[in-house]
Each structure stands twice: as structure tokens, then as C-alpha cells.
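Asks: The structure is given below, and queries will be raised subsequently.
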2 protein chains.
Amino acid sequence: MCRDKAVIAVRRHNANFCKGHFLDHIRRQVERTIEEYKMFGPDERLVLGVSGGKDSLALWDILTGLGYQVDGIYLHLGIGDYSSASLTLSQSFANTRGLSLEVVDLPIAYGFAVPEAAAASQRTPCSACGLSKRYILNRVAGERGYDVLVMGHNLDDEAATLFSNVLGWNVEYLGRQHPVLPSTEDGLCRKVKPLIRVAERETAAYAVLTGIEYEVDECPMAAGNTVNRYKEYLNRLEEQSPGIKASFLFGFLERGSPLFEMSDDVELRICSNCGQPTTGEVCAFCRLQKVTISHKQGR
Amino acid sequence: MCRDKAVIAVRRHNANFCKGHFLDHIRRQVERTIEEYKMFGPDERLVLGVSGGKDSLALWDILTGLGYQVDGIYLHLGIGDYSSASLTLSQSFANTRGLSLEVVDLPIAYGFAVPEAAAASQRTPCSACGLSKRYILNRVAGERGYDVLVMGHNLDDEAATLFSNVLGWNVEYLGRQHPVLPSTEDGLCRKVKPLIRVAERETAAYAVLTGIEYEVDECPMAAGNTVNRYKEYLNRLEEQSPGIKASFLFGFLERGSPLFEMSDDVELRICSNCGQPTTGEVCAFCRLQKVTISHKQGR
């Protein structure tokens with residue numbers, strides 16, 4: 001495209017990018033995704049789930065650069081030094097740029113940390129963590145009056161989740177795997193994923209090239225989890241067939257997803273304990289909280 | 001199950017089998033598949049697509065053992081020594097057992113061999129071969145008045161095809177990937193796959209243990225093809241999670257397939273050249289034949 005030195009090759013676009021063109025390209029991919037899926041307009045109140053990793057911080061930078069005002073929520077999961085380091089990096093990012101970051105401390109606000117929930121329940125750490133994140137981010141976004149909860153899932157995240165859902169033909173999850181989940185009257189905040197056209201290595205490159213300091217270490221509890229194994233498989237497929245990850249995800253969104261959406265007619269009700277939306281009597285988060293706190297108290 | 005020496009471990013069934021119990025197990029798997037999908041009854045006329053490989057010969061042996069009378073069609077594809085060797089093995093299998101095998105010679109009957117079709121068209125050898133097989137087996141089965149065309153696709157074949165169709169979200173193919181395809185008035189013969197519960201290594205073990213001599217070499221034109229690569233990926237997944245191949249395929253058949261079938265409303269018509277069913281004006285086989293013969297004649 002230009003005569004500047006190439007800093008990254010993106011095989012699925014059959015292109016080598018210099019720094020400037022690469023950063024532009026990533027921003028345009030995000031812009032295009034927001035428009036294509038009608039994720040939000042300029043006057044809506046946006047809040048981003050911030051983890052301190054490359055994806056959420058890069059996305060915060062990109063959205064701010066595109067002119068959106070976006071606040072952040074950081075959820076402290078109580079995973080030792082990993083959580084403390086991610087919090088420091090998130091706060092430093094926000095402070096430097098004059099952005100607003102609310103910190104929710106899972107142990108303080110809800111009485112337990114992710115490792116305790118995993119130990120007390122039948123869940124893996126990633127499952128207990130995912131459940132807690134989805135619950136708390138949705139709840140806080142709603143309570144603070146935000147219109148949209150923005151998440152930093154990238155192409156690799158979404159393709160690996162899709163891979164997992166397809167291997168098990170989990171038709172309910174497939175019906176809900178969409179870049180935009182609309183808000184519902186009973187308390188689900190609209191949730192959007194503007195980074196799904198950007199691969200993991202590209203968000204890392206974006207963060208490095210723009211000087212964002214992010215948590216480089218992987219969560220110590222996630223080592224060897226299923227989604228990470230599936231990411232490796234997909235990377236091997238991608239090596240042989242550049243672009244297959246993107247065509248897998250976007251082929252699903254175009255041609256597969258409409259078929260699964262039709263079969264997704266789950267009725268939501270209100271959790272009798274916390275008032276948040278659930279499919280049962282008591283929501284999965286309240287049940288996790290209860291079993292974990294009982295377990296901690298040795299009962 | 002018994003005190004006899006184990007000859008094979010089948011991890012997805014969490015079982016080690018002695019020879020006798022293993023052979024019984026495989027036969028029961030086939031019997032169960034025929035019943036579950038209502039593939040055919042005892043009075044229908046069955047014809048099996050015979051390649052000389054382990055799958056079709058093992059299936060012929062199993063179906064005969066279950067009391068079905070099954071004729072065979074061997075399609076000579078014109079792939080040098082490989083085709084000659086497979087034909088000899090198929091004929092010897094049929095002769096020893098007093099079974100009827102019709103041989104259709106692609107070069108003699110249709111004027112071209114698979115390698116020539118691949119060279120003349122934009123297709124890979126496997127694609128030209130698959131198209132020719134589907135066309136000719138269906139046509140001959142119909143012309144000879146058979147009720148059912150039986151195919152030897154095993155669990156690995158079907159899972160790899162499904163994997164490929166899902167990676168590309170080929171919803172039309174997904175709508176038609178079923179163990180039983182019904183006959184249609186316009187000339188499609190009912191097609192069934194009774195071996196889909198049996199893995200590739202199990203049909204090989206069955207053939208070895210029953211003394212079936214089969215073509216051990218892989219087709220020289222298939223080396224490195226996509227389906228074989230996907231089989232390897234699935235084998236790696238299976239190693240980590242025994243049973244995932246079967247749950248992927250049968251989860252699809254239970255929960256995914258009905259959604260895709262609904263969207264499959266392709267209208268069939270009659271090929272203006274050969275009278276066989278097609279979605280276009282001239283069927284894909286007639287087009288392949290024409291382009292290959294023109295290419296051979298140097299036009």
C-alpha cells in the first residue's frame with residue numbers, strides 16, 4: 001500500500017502493513033463491525049468490560065479514537081497477583097487518558113473469589129469466572145443506566161467458542177452466539193462485540209504498536225482449558241488455509257446463526273434472590289455464590 | 001466382558017474386546033443403525049457400492065451375516081494399478097462368497113478416467129471422483145431396479161465431511177448429510193450409510209480379524225486431500241476427548257440436522273442430456289464428461 005516498512009503480515013487479507021496503515025486498518029475493521037451489526041449510535045451510553053489484557057485495552061483505545069465516550073468496569077476476580085497486576089494496568093491506562101473506570105471487587109461485593117467458586121462447585125475455574133463476569137457486568141451496566149455493554153472478544157475467542165459449541169451441537173448457545181445481543185425488558189443489557197473481525201495477534205500488535213501496557217501473562221487458572229486447546233487447533237487450520245477462522249465465524253453468522261436463532265425460544269424470568277434475569281427459579285450466579293460461601297464456612 | 005484375550009481397545013466405549021465380542025459388537029452397531037434410521041427392510045433389493053477397501057468389504061460381510069442379500073457395484077475409476085488391484089480384490093471377495101458384483105468401467109462406459117477429469121476440469125481428483133461415483137452408482141442402482149443404494153462411509157468419513165461442511169457453513173450440504181436420503185420420483189435412489197457408528201480403525205480391525213483381503217493402500221490421488229487432513233485433526237481431538245467424533249456426528253444428526261433440513265428446499269429437475277436428476281439444465285456429471293472429452297481431443 002505504501003513504501004513504509006512493513007511491521008505485520010496478515011495472511012488472510014493477503015497483505016503486509018506498515019505501522020500507520022495497520023493501525024488504520026484495525027480501526028476501520030472495528031468501525032465497519034459497529035456499523036454492519038448496528039451495535040450502537042453516537043448518543044448511547046457505553047460501558048466496556050475491562051480486564052487489563054490486550055483486547056479490552058486496545059478496544060478502549062480504538063473506540064475512544066473513533067470519537068465514542070466509553071466508561072470501563074474492571075471486575076477484580078480475586079486471582080492473586082494476576083488480578084492485582086491487571087487492575088494496576090487497567091487503572092493506569094484509564095488515568096493516563098482521563099477515562100472513567102469503575103472497579104467491582106468480587107470478594108468484597110459478593111463474598112468469594114473465582115478460585116474458591118471453582119473449588120466449591122462442579123465448575124472449572126473458567127466456567128465459574130465466565131458466569132461471574134457475565135452476571136456482574138450485565139448487572140452493573142444495568143444499575144448504572146448504560147445502554148450498551150461492550151466486550152473485547154476477538155476473532156479467535158469467538159471462533160473457538162463457536163468451534164466448541166459446534167463440536168457439541170449446543171443449539172441453545174449457538175442461537176445466542178451473536179455480535180449483538182439485544183436488551184430485554186427483564187434486565188439484559190444490550191451486549192456487543194466490536195472486535196470480532198480482529199484476530200488475537202492483531203490486537204496484540206495494535207497494543208504493542210500504540211504503546212499500550214497490558215497484562216501479558218495468561219490467567220494462571222486458564223492453562224490448558226478447552227477454549228485454549230481449540231484456539232490451537234484453529235491456528236493449525238489457519239496455517240494451512242489462511243482465512244478459514246474468519247470464514248468459519250462469518251459463514252456461521254450469515255448462514256448458520258439464523259437457523260439456530262429460530263430455535264432459541266427460552267423464556268426468561270426474574271431470579272427470586274437477586275432480581276436479575278434467569279431461566280430458573282434462582283439464577284446460576286446466586287447458586288454459585290451460595291454454594292461457595294457455604295463451602296468457605298465449612299458447612 | 002469375558003476372559004478371552006483382548007484384541008482391541010475402543011476408548012469411546014471404554015471397553016477392551018476379545019475377537020468374538022468385538023465382531024459381535026460391530027455387527028450389532030450396524031444392525032442398530034439400520035433399525036434406528038429405518039434404512040431398509042428384509043424384502044428390499046439392496047446394492048452396495050464396492051471399492052475393494054476395508055469399509056465396503058467389511059460392510060458386505062456384515063450385511064450378508066445379518067441375513068441380507070446384497071449385490072455389489074464396482075466402479076473402475078481408471079486410476080492405474082490402484083484401480084486394477086482394488087477390482088481384483090473386490091472380485092475375489094465376491095467370487096469366494098458367491099456374491100454378485102457388477103463392474104462399471106468409467107473409461108469404457110463414459111470415455112474418461114478420473115485423472116483425466118481432474119486435469120480437464122477445475123476440480124481436484126477427489127471432487128471429480130466423488131461426483132462420478134455418486135452419479136454412476138445412483139444411475140446404475142436405478143436402472144437395475146434396486147430399492148436401496150448402500151454406501152460404506154464410516155464414522156471418520158462422516159465426521160470429516162461434517163467438519164468440512166461446518167467450517168464453510170455449507171448449509172445445503174448440511175441439509176443433505178443424513179444416514180438415509182430418501183428416494184425421489186425424479187430418479188434419486190434411496191441412499192443409506194449403515195457403517196456410521198463404526199470408526200475407521202474398527203472396520204480395519206473387523207476386516208483383519210475376519211480374514212478379508214482388502215486394498216490397504218490409499219488412493220494415490222487422495223494424498224493430502226482436505227478430508228484426510230480433517231480426519232487427522234479429528235483424531236487429535238479424539239485422543240484428548242475420546243468419543244468427541246461420535247458425539248459431534250450424532251449431536252448433529254439429533255439437534256443440528258433438523259434445522260438445516262428445513263432450509264433445504266432445492267428443486268430437482270431432469271438433466272437435458274442424460275435424464276438423471278439435477279438442479280440445473282445439464283447435470284454436473286454430463287458437464288464434467290463433456291469438458292474432459294473435449295480436453296482429451298485437444299479441443
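FYI, nothing fancy with the C-alpha cells labels: chains A, B, ... in order, residues from 1 per chain, ligands from 1 as they appear.
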Compile the residues of chain B that lie within 12 Å of chain A, evaluated using only C-alpha atoms, and express the compilation as a count of residues only.

Replies: 51

Asks: Please, which residues of range 170-276 of chain A, numbered as in this document, come out strand (DSSP E) from DSSP, as a list of chain:residue names?

Replies: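 Matching residues for strand (DSSP E) in range 170-276 of chain A are A:Val180, A:Leu181, A:Arg190, A:Lys191, A:Val192, A:Arg269, A:Ile270.
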
Asks: Selection from above, C-alpha atoms, as a PDB file, in the first residue's frame, can you write it?

Replies:
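selection_18.pdb, freshly written:
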ATOM      1  CA  VAL A 180     -25.126  -8.066  19.204  1.00  0.00           C
ATOM      2  CA  LEU A 181     -27.463  -9.424  21.847  1.00  0.00           C
ATOM      3  CA  ARG A 190     -27.548  -4.933  25.066  1.00  0.00           C
ATOM      4  CA  LYS A 191     -24.182  -6.664  24.631  1.00  0.00           C
ATOM      5  CA  VAL A 192     -21.898  -6.068  21.659  1.00  0.00           C
ATOM      6  CA  ARG A 269     -37.898 -14.812  34.427  1.00  0.00           C
ATOM      7  CA  ILE A 270     -36.615 -12.937  37.451  1.00  0.00           C
TER       8      ILE A 270
END

Asks: Show which residues sit within 10 Å of Ile8 in chain A, as a list of chain:residue names. Count only C-alpha atoms, and ignore same-chain residues fewer than 4 positions away.

Replies: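 Final neighbour list, sorted by chain and number: A:Ala15, A:Asn16, A:Phe17, A:Cys18, A:Lys19, A:Phe22, A:Arg201, A:Glu202, A:Ala205.
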
Asks: Selection from above, all heavy atoms, as a JSON list (two decimals), in the first residue's frame, can you write it?

Replies:
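Result file follows (selection_13.json):
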[["chain", "number", "residue", "atom", "x", "y", "z"],
["A", 15, "ALA", "N", -1.93, -9.35, 2.92],
["A", 15, "ALA", "CA", -1.36, -8.00, 2.96],
["A", 15, "ALA", "C", -0.27, -7.88, 4.02],
["A", 15, "ALA", "O", -0.32, -8.53, 5.07],
["A", 15, "ALA", "CB", -2.46, -6.99, 3.26],
["A", 16, "ASN", "N", 0.74, -7.06, 3.72],
["A", 16, "ASN", "CA", 1.72, -6.62, 4.70],
["A", 16, "ASN", "C", 1.44, -5.15, 5.01],
["A", 16, "ASN", "O", 1.26, -4.35, 4.09],
["A", 16, "ASN", "CB", 3.13, -6.74, 4.14],
["A", 16, "ASN", "CG", 3.48, -8.19, 3.84],
["A", 16, "ASN", "OD1", 3.30, -9.05, 4.69],
["A", 16, "ASN", "ND2", 3.96, -8.44, 2.63],
["A", 17, "PHE", "N", 1.43, -4.81, 6.28],
["A", 17, "PHE", "CA", 1.07, -3.45, 6.66],
["A", 17, "PHE", "C", 2.26, -2.72, 7.31],
["A", 17, "PHE", "O", 2.98, -3.31, 8.13],
["A", 17, "PHE", "CB", -0.07, -3.46, 7.68],
["A", 17, "PHE", "CG", -1.39, -3.91, 7.13],
["A", 17, "PHE", "CD1", -1.82, -5.23, 7.29],
["A", 17, "PHE", "CD2", -2.23, -3.02, 6.45],
["A", 17, "PHE", "CE1", -3.04, -5.65, 6.80],
["A", 17, "PHE", "CE2", -3.47, -3.44, 5.96],
["A", 17, "PHE", "CZ", -3.87, -4.75, 6.14],
["A", 18, "CYS", "N", 2.43, -1.45, 7.00],
["A", 18, "CYS", "CA", 3.31, -0.61, 7.80],
["A", 18, "CYS", "C", 2.51, -0.21, 9.04],
["A", 18, "CYS", "O", 1.30, -0.44, 9.12],
["A", 18, "CYS", "CB", 3.73, 0.64, 7.02],
["A", 18, "CYS", "SG", 2.41, 1.86, 6.90],
["A", 19, "LYS", "N", 3.20, 0.40, 10.01],
["A", 19, "LYS", "CA", 2.54, 0.72, 11.27],
["A", 19, "LYS", "C", 1.27, 1.57, 11.07],
["A", 19, "LYS", "O", 0.20, 1.22, 11.56],
["A", 19, "LYS", "CB", 3.53, 1.46, 12.19],
["A", 19, "LYS", "CG", 2.90, 1.90, 13.50],
["A", 19, "LYS", "CD", 3.92, 2.53, 14.45],
["A", 19, "LYS", "CE", 3.20, 3.23, 15.60],
["A", 19, "LYS", "NZ", 4.15, 3.82, 16.56],
["A", 22, "PHE", "N", -1.51, -0.28, 9.29],
["A", 22, "PHE", "CA", -2.05, -1.36, 10.12],
["A", 22, "PHE", "C", -3.02, -0.80, 11.16],
["A", 22, "PHE", "O", -4.14, -1.31, 11.34],
["A", 22, "PHE", "CB", -0.92, -2.14, 10.82],
["A", 22, "PHE", "CG", -1.43, -3.17, 11.77],
["A", 22, "PHE", "CD1", -2.03, -4.34, 11.30],
["A", 22, "PHE", "CD2", -1.32, -2.99, 13.15],
["A", 22, "PHE", "CE1", -2.52, -5.30, 12.19],
["A", 22, "PHE", "CE2", -1.81, -3.94, 14.04],
["A", 22, "PHE", "CZ", -2.40, -5.10, 13.56],
["A", 201, "ARG", "N", -3.63, -12.03, 17.44],
["A", 201, "ARG", "CA", -2.28, -11.49, 17.21],
["A", 201, "ARG", "C", -2.34, -10.05, 16.70],
["A", 201, "ARG", "O", -1.39, -9.30, 16.85],
["A", 201, "ARG", "CB", -1.45, -12.38, 16.27],
["A", 201, "ARG", "CG", -1.96, -12.49, 14.86],
["A", 201, "ARG", "CD", -1.15, -13.51, 14.06],
["A", 201, "ARG", "NE", 0.11, -12.99, 13.57],
["A", 201, "ARG", "CZ", 0.26, -12.35, 12.42],
["A", 201, "ARG", "NH1", -0.76, -12.13, 11.63],
["A", 201, "ARG", "NH2", 1.46, -11.90, 12.05],
["A", 202, "GLU", "N", -3.46, -9.68, 16.10],
["A", 202, "GLU", "CA", -3.59, -8.31, 15.62],
["A", 202, "GLU", "C", -3.91, -7.34, 16.76],
["A", 202, "GLU", "O", -3.43, -6.21, 16.77],
["A", 202, "GLU", "CB", -4.66, -8.24, 14.52],
["A", 202, "GLU", "CG", -4.24, -9.01, 13.26],
["A", 202, "GLU", "CD", -5.41, -9.48, 12.41],
["A", 202, "GLU", "OE1", -6.49, -8.88, 12.49],
["A", 202, "GLU", "OE2", -5.23, -10.48, 11.69],
["A", 205, "ALA", "N", -0.63, -6.86, 18.39],
["A", 205, "ALA", "CA", 0.22, -5.96, 17.61],
["A", 205, "ALA", "C", -0.26, -4.52, 17.77],
["A", 205, "ALA", "O", 0.54, -3.59, 17.91],
["A", 205, "ALA", "CB", 0.20, -6.36, 16.14]]

Asks: Would you write out chain A as a compact mmCIF listing (two decimals) with C-alpha atoms, in the first residue's frame, after superposing it on chain B by least squares over all in-order Cα pairs?

Replies:
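Generated file (result_11.txt):
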# COMPACT_ATOMS: atom_id res chain seq x y z
CA MET A 1 -16.90 -58.92 29.21
CA CYS A 2 -15.18 -62.30 29.06
CA ARG A 3 -11.84 -63.90 29.90
CA ASP A 4 -10.63 -64.21 26.32
CA LYS A 5 -7.63 -62.22 25.19
CA ALA A 6 -8.43 -58.60 24.25
CA VAL A 7 -7.56 -57.75 20.66
CA ILE A 8 -8.74 -54.15 20.50
CA ALA A 9 -9.46 -51.26 22.86
CA VAL A 10 -12.30 -48.91 21.92
CA ARG A 11 -11.81 -45.90 24.18
CA ARG A 12 -15.06 -44.13 23.34
CA HIS A 13 -16.97 -47.20 24.58
CA ASN A 14 -14.48 -47.55 27.42
CA ALA A 15 -14.03 -51.23 26.52
CA ASN A 16 -11.47 -53.84 25.51
CA PHE A 17 -12.85 -56.55 23.26
CA CYS A 18 -11.78 -60.11 22.53
CA LYS A 19 -12.13 -61.16 18.90
CA GLY A 20 -15.56 -62.74 19.23
CA HIS A 21 -17.11 -59.96 21.26
CA PHE A 22 -15.58 -57.31 19.00
CA LEU A 23 -17.05 -58.84 15.84
CA ASP A 24 -20.43 -59.17 17.56
CA HIS A 25 -20.21 -55.60 18.75
CA ILE A 26 -19.54 -54.28 15.22
CA ARG A 27 -22.39 -56.33 13.75
CA ARG A 28 -24.74 -55.07 16.44
CA GLN A 29 -23.70 -51.48 15.78
CA VAL A 30 -24.61 -51.91 12.11
CA GLU A 31 -27.88 -53.66 12.95
CA ARG A 32 -28.80 -50.93 15.39
CA THR A 33 -28.03 -48.22 12.81
CA ILE A 34 -30.21 -49.91 10.17
CA GLU A 35 -33.10 -50.12 12.63
CA GLU A 36 -32.69 -46.71 14.20
CA TYR A 37 -32.75 -44.88 10.87
CA LYS A 38 -35.22 -47.32 9.26
CA MET A 39 -32.75 -47.82 6.41
CA PHE A 40 -34.34 -50.85 4.76
CA GLY A 41 -36.40 -53.95 5.37
CA PRO A 42 -35.65 -57.61 4.64
CA ASP A 43 -37.57 -57.67 1.35
CA GLU A 44 -35.94 -54.72 -0.35
CA ARG A 45 -33.38 -55.05 -3.12
CA LEU A 46 -30.03 -53.76 -1.91
CA VAL A 47 -26.94 -52.84 -3.88
CA LEU A 48 -23.65 -51.85 -2.26
CA GLY A 49 -21.03 -49.50 -3.69
CA VAL A 50 -17.88 -51.65 -3.53
CA SER A 51 -14.42 -50.07 -3.70
CA GLY A 52 -12.26 -53.00 -2.59
CA GLY A 53 -11.30 -51.13 0.58
CA LYS A 54 -11.88 -52.27 4.15
CA ASP A 55 -15.14 -50.37 4.66
CA SER A 56 -17.19 -51.66 1.74
CA LEU A 57 -15.92 -55.24 2.03
CA ALA A 58 -16.44 -55.35 5.81
CA LEU A 59 -19.94 -53.95 5.35
CA TRP A 60 -20.72 -56.52 2.65
CA ASP A 61 -19.62 -59.25 5.04
CA ILE A 62 -21.64 -57.82 7.93
CA LEU A 63 -24.85 -57.33 5.93
CA THR A 64 -24.59 -60.84 4.47
CA GLY A 65 -24.03 -62.18 7.99
CA LEU A 66 -27.14 -60.33 9.18
CA GLY A 67 -29.13 -62.23 6.53
CA TYR A 68 -29.48 -59.52 3.88
CA GLN A 69 -28.97 -60.35 0.23
CA VAL A 70 -26.79 -57.59 -1.16
CA ASP A 71 -25.35 -57.25 -4.65
CA GLY A 72 -22.32 -55.08 -5.38
CA ILE A 73 -21.35 -52.48 -7.97
CA TYR A 74 -17.66 -51.82 -8.50
CA LEU A 75 -16.80 -48.63 -10.35
CA HIS A 76 -13.46 -48.79 -12.17
CA LEU A 77 -12.12 -45.24 -11.96
CA GLY A 78 -9.13 -45.68 -14.24
CA ILE A 79 -6.53 -44.84 -11.59
CA GLY A 80 -3.74 -47.16 -12.86
CA ASP A 81 -2.56 -50.10 -10.73
CA TYR A 82 -4.62 -48.86 -7.78
CA SER A 83 -7.86 -49.47 -9.69
CA SER A 84 -6.75 -52.85 -11.07
CA ALA A 85 -5.71 -54.10 -7.63
CA SER A 86 -8.96 -52.95 -5.99
CA LEU A 87 -10.99 -54.63 -8.72
CA THR A 88 -9.16 -57.94 -8.28
CA LEU A 89 -9.72 -57.86 -4.52
CA SER A 90 -13.40 -56.99 -4.92
CA GLN A 91 -13.98 -59.76 -7.46
CA SER A 92 -12.13 -62.30 -5.38
CA PHE A 93 -14.23 -61.35 -2.30
CA ALA A 94 -17.46 -61.72 -4.29
CA ASN A 95 -16.44 -64.99 -6.01
CA THR A 96 -15.34 -66.70 -2.80
CA ARG A 97 -18.71 -65.92 -1.21
CA GLY A 98 -20.91 -66.44 -4.26
CA LEU A 99 -21.98 -62.78 -4.31
CA SER A 100 -22.95 -60.87 -7.43
CA LEU A 101 -20.67 -57.96 -8.41
CA GLU A 102 -21.31 -55.77 -11.41
CA VAL A 103 -18.32 -53.88 -12.76
CA VAL A 104 -18.81 -50.49 -14.39
CA ASP A 105 -15.75 -49.23 -16.19
CA LEU A 106 -15.68 -45.41 -16.18
CA PRO A 107 -13.25 -45.14 -19.17
CA ILE A 108 -15.19 -47.70 -21.24
CA ALA A 109 -18.71 -46.63 -20.30
CA TYR A 110 -18.18 -42.87 -20.16
CA GLY A 111 -14.98 -42.27 -22.12
CA PHE A 112 -12.72 -40.86 -19.42
CA ALA A 113 -10.75 -41.74 -16.28
CA VAL A 114 -10.68 -39.77 -13.01
CA PRO A 115 -7.15 -38.35 -13.53
CA GLU A 116 -8.23 -37.04 -16.95
CA ALA A 117 -11.34 -35.41 -15.48
CA ALA A 118 -9.27 -33.71 -12.79
CA ALA A 119 -6.79 -32.45 -15.39
CA ALA A 120 -9.52 -31.15 -17.69
CA SER A 121 -11.77 -29.51 -15.09
CA GLN A 122 -11.26 -27.09 -12.21
CA ARG A 123 -11.90 -29.97 -9.81
CA THR A 124 -9.50 -31.82 -7.52
CA PRO A 125 -9.19 -35.56 -8.27
CA CYS A 126 -11.31 -36.33 -5.17
CA SER A 127 -14.02 -33.96 -6.29
CA ALA A 128 -14.14 -35.38 -9.85
CA CYS A 129 -14.12 -38.90 -8.41
CA GLY A 130 -16.85 -38.21 -5.85
CA LEU A 131 -19.08 -36.64 -8.44
CA SER A 132 -18.60 -39.58 -10.84
CA LYS A 133 -19.22 -42.15 -8.10
CA ARG A 134 -22.39 -40.50 -6.85
CA TYR A 135 -23.74 -40.13 -10.37
CA ILE A 136 -22.93 -43.60 -11.70
CA LEU A 137 -23.84 -45.57 -8.57
CA ASN A 138 -27.21 -43.79 -8.35
CA ARG A 139 -27.86 -44.23 -12.05
CA VAL A 140 -26.93 -47.92 -12.20
CA ALA A 141 -28.86 -48.67 -9.00
CA GLY A 142 -31.95 -47.06 -10.54
CA GLU A 143 -31.57 -48.71 -13.94
CA ARG A 144 -31.20 -52.16 -12.37
CA GLY A 145 -34.30 -51.67 -10.22
CA TYR A 146 -32.64 -51.69 -6.80
CA ASP A 147 -34.60 -50.13 -3.92
CA VAL A 148 -31.60 -49.04 -1.92
CA LEU A 149 -28.04 -47.96 -2.62
CA VAL A 150 -25.87 -48.89 0.36
CA MET A 151 -22.62 -46.98 0.98
CA GLY A 152 -19.68 -47.90 3.21
CA HIS A 153 -18.96 -44.48 4.77
CA ASN A 154 -17.70 -44.93 8.31
CA LEU A 155 -17.77 -42.67 11.38
CA ASP A 156 -14.49 -40.98 10.44
CA ASP A 157 -15.66 -40.28 6.88
CA GLU A 158 -18.92 -38.74 8.04
CA ALA A 159 -17.36 -36.75 10.88
CA ALA A 160 -14.70 -35.32 8.52
CA THR A 161 -17.32 -34.37 5.92
CA LEU A 162 -19.40 -32.75 8.64
CA PHE A 163 -16.32 -30.91 9.91
CA SER A 164 -15.64 -29.59 6.42
CA ASN A 165 -19.27 -28.57 5.86
CA VAL A 166 -19.40 -26.82 9.21
CA LEU A 167 -16.12 -24.95 8.79
CA GLY A 168 -17.57 -23.46 5.59
CA TRP A 169 -21.16 -23.34 6.89
CA ASN A 170 -22.30 -25.01 3.73
CA VAL A 171 -25.94 -25.14 4.76
CA GLU A 172 -27.12 -26.97 1.63
CA TYR A 173 -24.69 -29.83 2.16
CA LEU A 174 -25.49 -29.85 5.88
CA GLY A 175 -29.17 -30.22 4.97
CA ARG A 176 -28.37 -33.31 2.95
CA GLN A 177 -25.83 -35.00 5.24
CA HIS A 178 -28.00 -37.76 6.63
CA PRO A 179 -27.61 -41.54 7.09
CA VAL A 180 -30.71 -42.06 4.91
CA LEU A 181 -31.52 -39.98 1.86
CA PRO A 182 -34.98 -40.93 0.60
CA SER A 183 -35.64 -41.85 -3.01
CA THR A 184 -37.31 -39.20 -5.15
CA GLU A 185 -39.74 -39.52 -8.04
CA ASP A 186 -37.29 -37.87 -10.37
CA GLY A 187 -34.65 -40.54 -10.09
CA LEU A 188 -32.70 -40.42 -6.84
CA CYS A 189 -32.35 -43.91 -5.35
CA ARG A 190 -32.64 -44.18 -1.56
CA LYS A 191 -29.09 -43.98 -0.19
CA VAL A 192 -28.09 -45.33 3.21
CA LYS A 193 -24.91 -45.49 5.32
CA PRO A 194 -25.15 -48.32 7.85
CA LEU A 195 -21.47 -48.05 8.94
CA ILE A 196 -21.62 -44.58 10.49
CA ARG A 197 -21.35 -45.88 14.06
CA VAL A 198 -18.14 -47.75 13.29
CA ALA A 199 -14.78 -45.92 13.29
CA GLU A 200 -12.21 -46.40 10.55
CA ARG A 201 -9.81 -48.34 12.74
CA GLU A 202 -12.66 -50.61 13.75
CA THR A 203 -13.64 -51.51 10.18
CA ALA A 204 -9.94 -52.19 9.53
CA ALA A 205 -9.80 -54.42 12.62
CA TYR A 206 -13.00 -56.16 11.54
CA ALA A 207 -11.54 -56.88 8.10
CA VAL A 208 -8.24 -58.15 9.50
CA LEU A 209 -9.90 -60.33 12.15
CA THR A 210 -12.29 -61.92 9.66
CA GLY A 211 -9.54 -62.52 7.11
CA ILE A 212 -10.92 -60.17 4.46
CA GLU A 213 -8.25 -59.23 1.93
CA TYR A 214 -8.75 -55.58 1.06
CA GLU A 215 -6.88 -52.82 -0.72
CA VAL A 216 -4.61 -51.46 2.00
CA ASP A 217 -3.03 -48.65 0.01
CA GLU A 218 -4.73 -45.31 -0.04
CA CYS A 219 -5.73 -43.94 -3.40
CA PRO A 220 -2.55 -42.29 -4.81
CA MET A 221 -4.58 -39.27 -5.90
CA ALA A 222 -6.05 -38.62 -2.43
CA ALA A 223 -2.78 -37.89 -0.60
CA GLY A 224 -3.05 -34.70 1.45
CA ASN A 225 -6.63 -33.94 0.45
CA THR A 226 -8.80 -31.83 2.70
CA VAL A 227 -10.93 -34.62 4.11
CA ASN A 228 -7.83 -36.58 5.11
CA ARG A 229 -6.40 -33.50 6.84
CA TYR A 230 -9.65 -33.05 8.72
CA LYS A 231 -9.58 -36.70 9.73
CA GLU A 232 -6.19 -36.08 11.32
CA TYR A 233 -7.49 -33.05 13.23
CA LEU A 234 -10.45 -35.04 14.47
CA ASN A 235 -8.13 -37.86 15.52
CA ARG A 236 -6.16 -35.41 17.65
CA LEU A 237 -9.37 -34.17 19.25
CA GLU A 238 -10.46 -37.78 19.81
CA GLU A 239 -7.18 -38.58 21.55
CA GLN A 240 -7.80 -35.82 24.08
CA SER A 241 -11.54 -36.47 24.39
CA PRO A 242 -12.48 -40.05 23.47
CA GLY A 243 -15.95 -40.10 21.94
CA ILE A 244 -15.91 -36.53 20.63
CA LYS A 245 -16.05 -37.67 16.98
CA ALA A 246 -19.18 -39.72 17.61
CA SER A 247 -20.84 -37.05 19.75
CA PHE A 248 -20.04 -34.46 17.06
CA LEU A 249 -21.71 -36.56 14.36
CA PHE A 250 -24.65 -37.87 16.35
CA GLY A 251 -25.21 -34.54 18.11
CA PHE A 252 -25.51 -33.05 14.63
CA LEU A 253 -27.94 -35.74 13.50
CA GLU A 254 -30.12 -35.26 16.58
CA ARG A 255 -30.09 -31.53 17.10
CA GLY A 256 -28.40 -29.79 14.15
CA SER A 257 -29.61 -31.67 11.08
CA PRO A 258 -33.34 -30.93 11.59
CA LEU A 259 -32.62 -27.19 11.45
CA PHE A 260 -30.66 -27.49 8.19
CA GLU A 261 -33.14 -29.84 6.56
CA MET A 262 -35.83 -27.21 6.89
CA SER A 263 -33.75 -24.80 4.86
CA ASP A 264 -33.05 -27.34 2.10
CA ASP A 265 -35.76 -26.81 -0.47
CA VAL A 266 -33.80 -27.33 -3.69
CA GLU A 267 -36.00 -28.23 -6.67
CA LEU A 268 -34.69 -31.10 -8.79
CA ARG A 269 -35.26 -31.34 -12.55
CA ILE A 270 -34.14 -33.72 -15.27
CA CYS A 271 -30.76 -33.30 -17.01
CA SER A 272 -31.46 -32.44 -20.67
CA ASN A 273 -28.58 -34.64 -21.71
CA CYS A 274 -28.87 -37.86 -19.68
CA GLY A 275 -32.25 -37.69 -17.94
CA GLN A 276 -30.79 -38.03 -14.45
CA PRO A 277 -31.82 -35.67 -11.63
CA THR A 278 -30.04 -32.31 -11.41
CA THR A 279 -30.56 -28.80 -10.10
CA GLY A 280 -29.51 -27.20 -13.41
CA GLU A 281 -30.16 -27.62 -17.13
CA VAL A 282 -27.35 -30.13 -17.71
CA CYS A 283 -26.13 -32.17 -14.74
CA ALA A 284 -22.64 -31.73 -13.25
CA PHE A 285 -21.56 -35.19 -14.42
CA CYS A 286 -22.50 -34.56 -18.04
CA ARG A 287 -20.66 -31.24 -17.88
CA LEU A 288 -17.60 -32.96 -16.42
CA GLN A 289 -17.76 -35.65 -19.09
CA LYS A 290 -18.05 -33.10 -21.87
CA VAL A 291 -15.17 -30.91 -20.72
CA THR A 292 -12.95 -33.96 -20.15
CA ILE A 293 -13.60 -35.52 -23.54
CA SER A 294 -13.10 -32.18 -25.30
CA HIS A 295 -9.84 -31.75 -23.41
CA LYS A 296 -8.69 -35.26 -24.40
CA GLN A 297 -9.45 -34.53 -28.02
CA GLY A 298 -7.29 -31.44 -27.77
CA ARG A 299 -10.16 -29.11 -28.54

Asks: What residues in range 84-277 of chain A get the DSSP label helix (DSSP H, G or I)? Please answer as an MDAnalysis selection string.

Replies: chainID A and resid 84:97 106:110 114:120 125:143 155:167 171:176 200:209 226:240 244:262
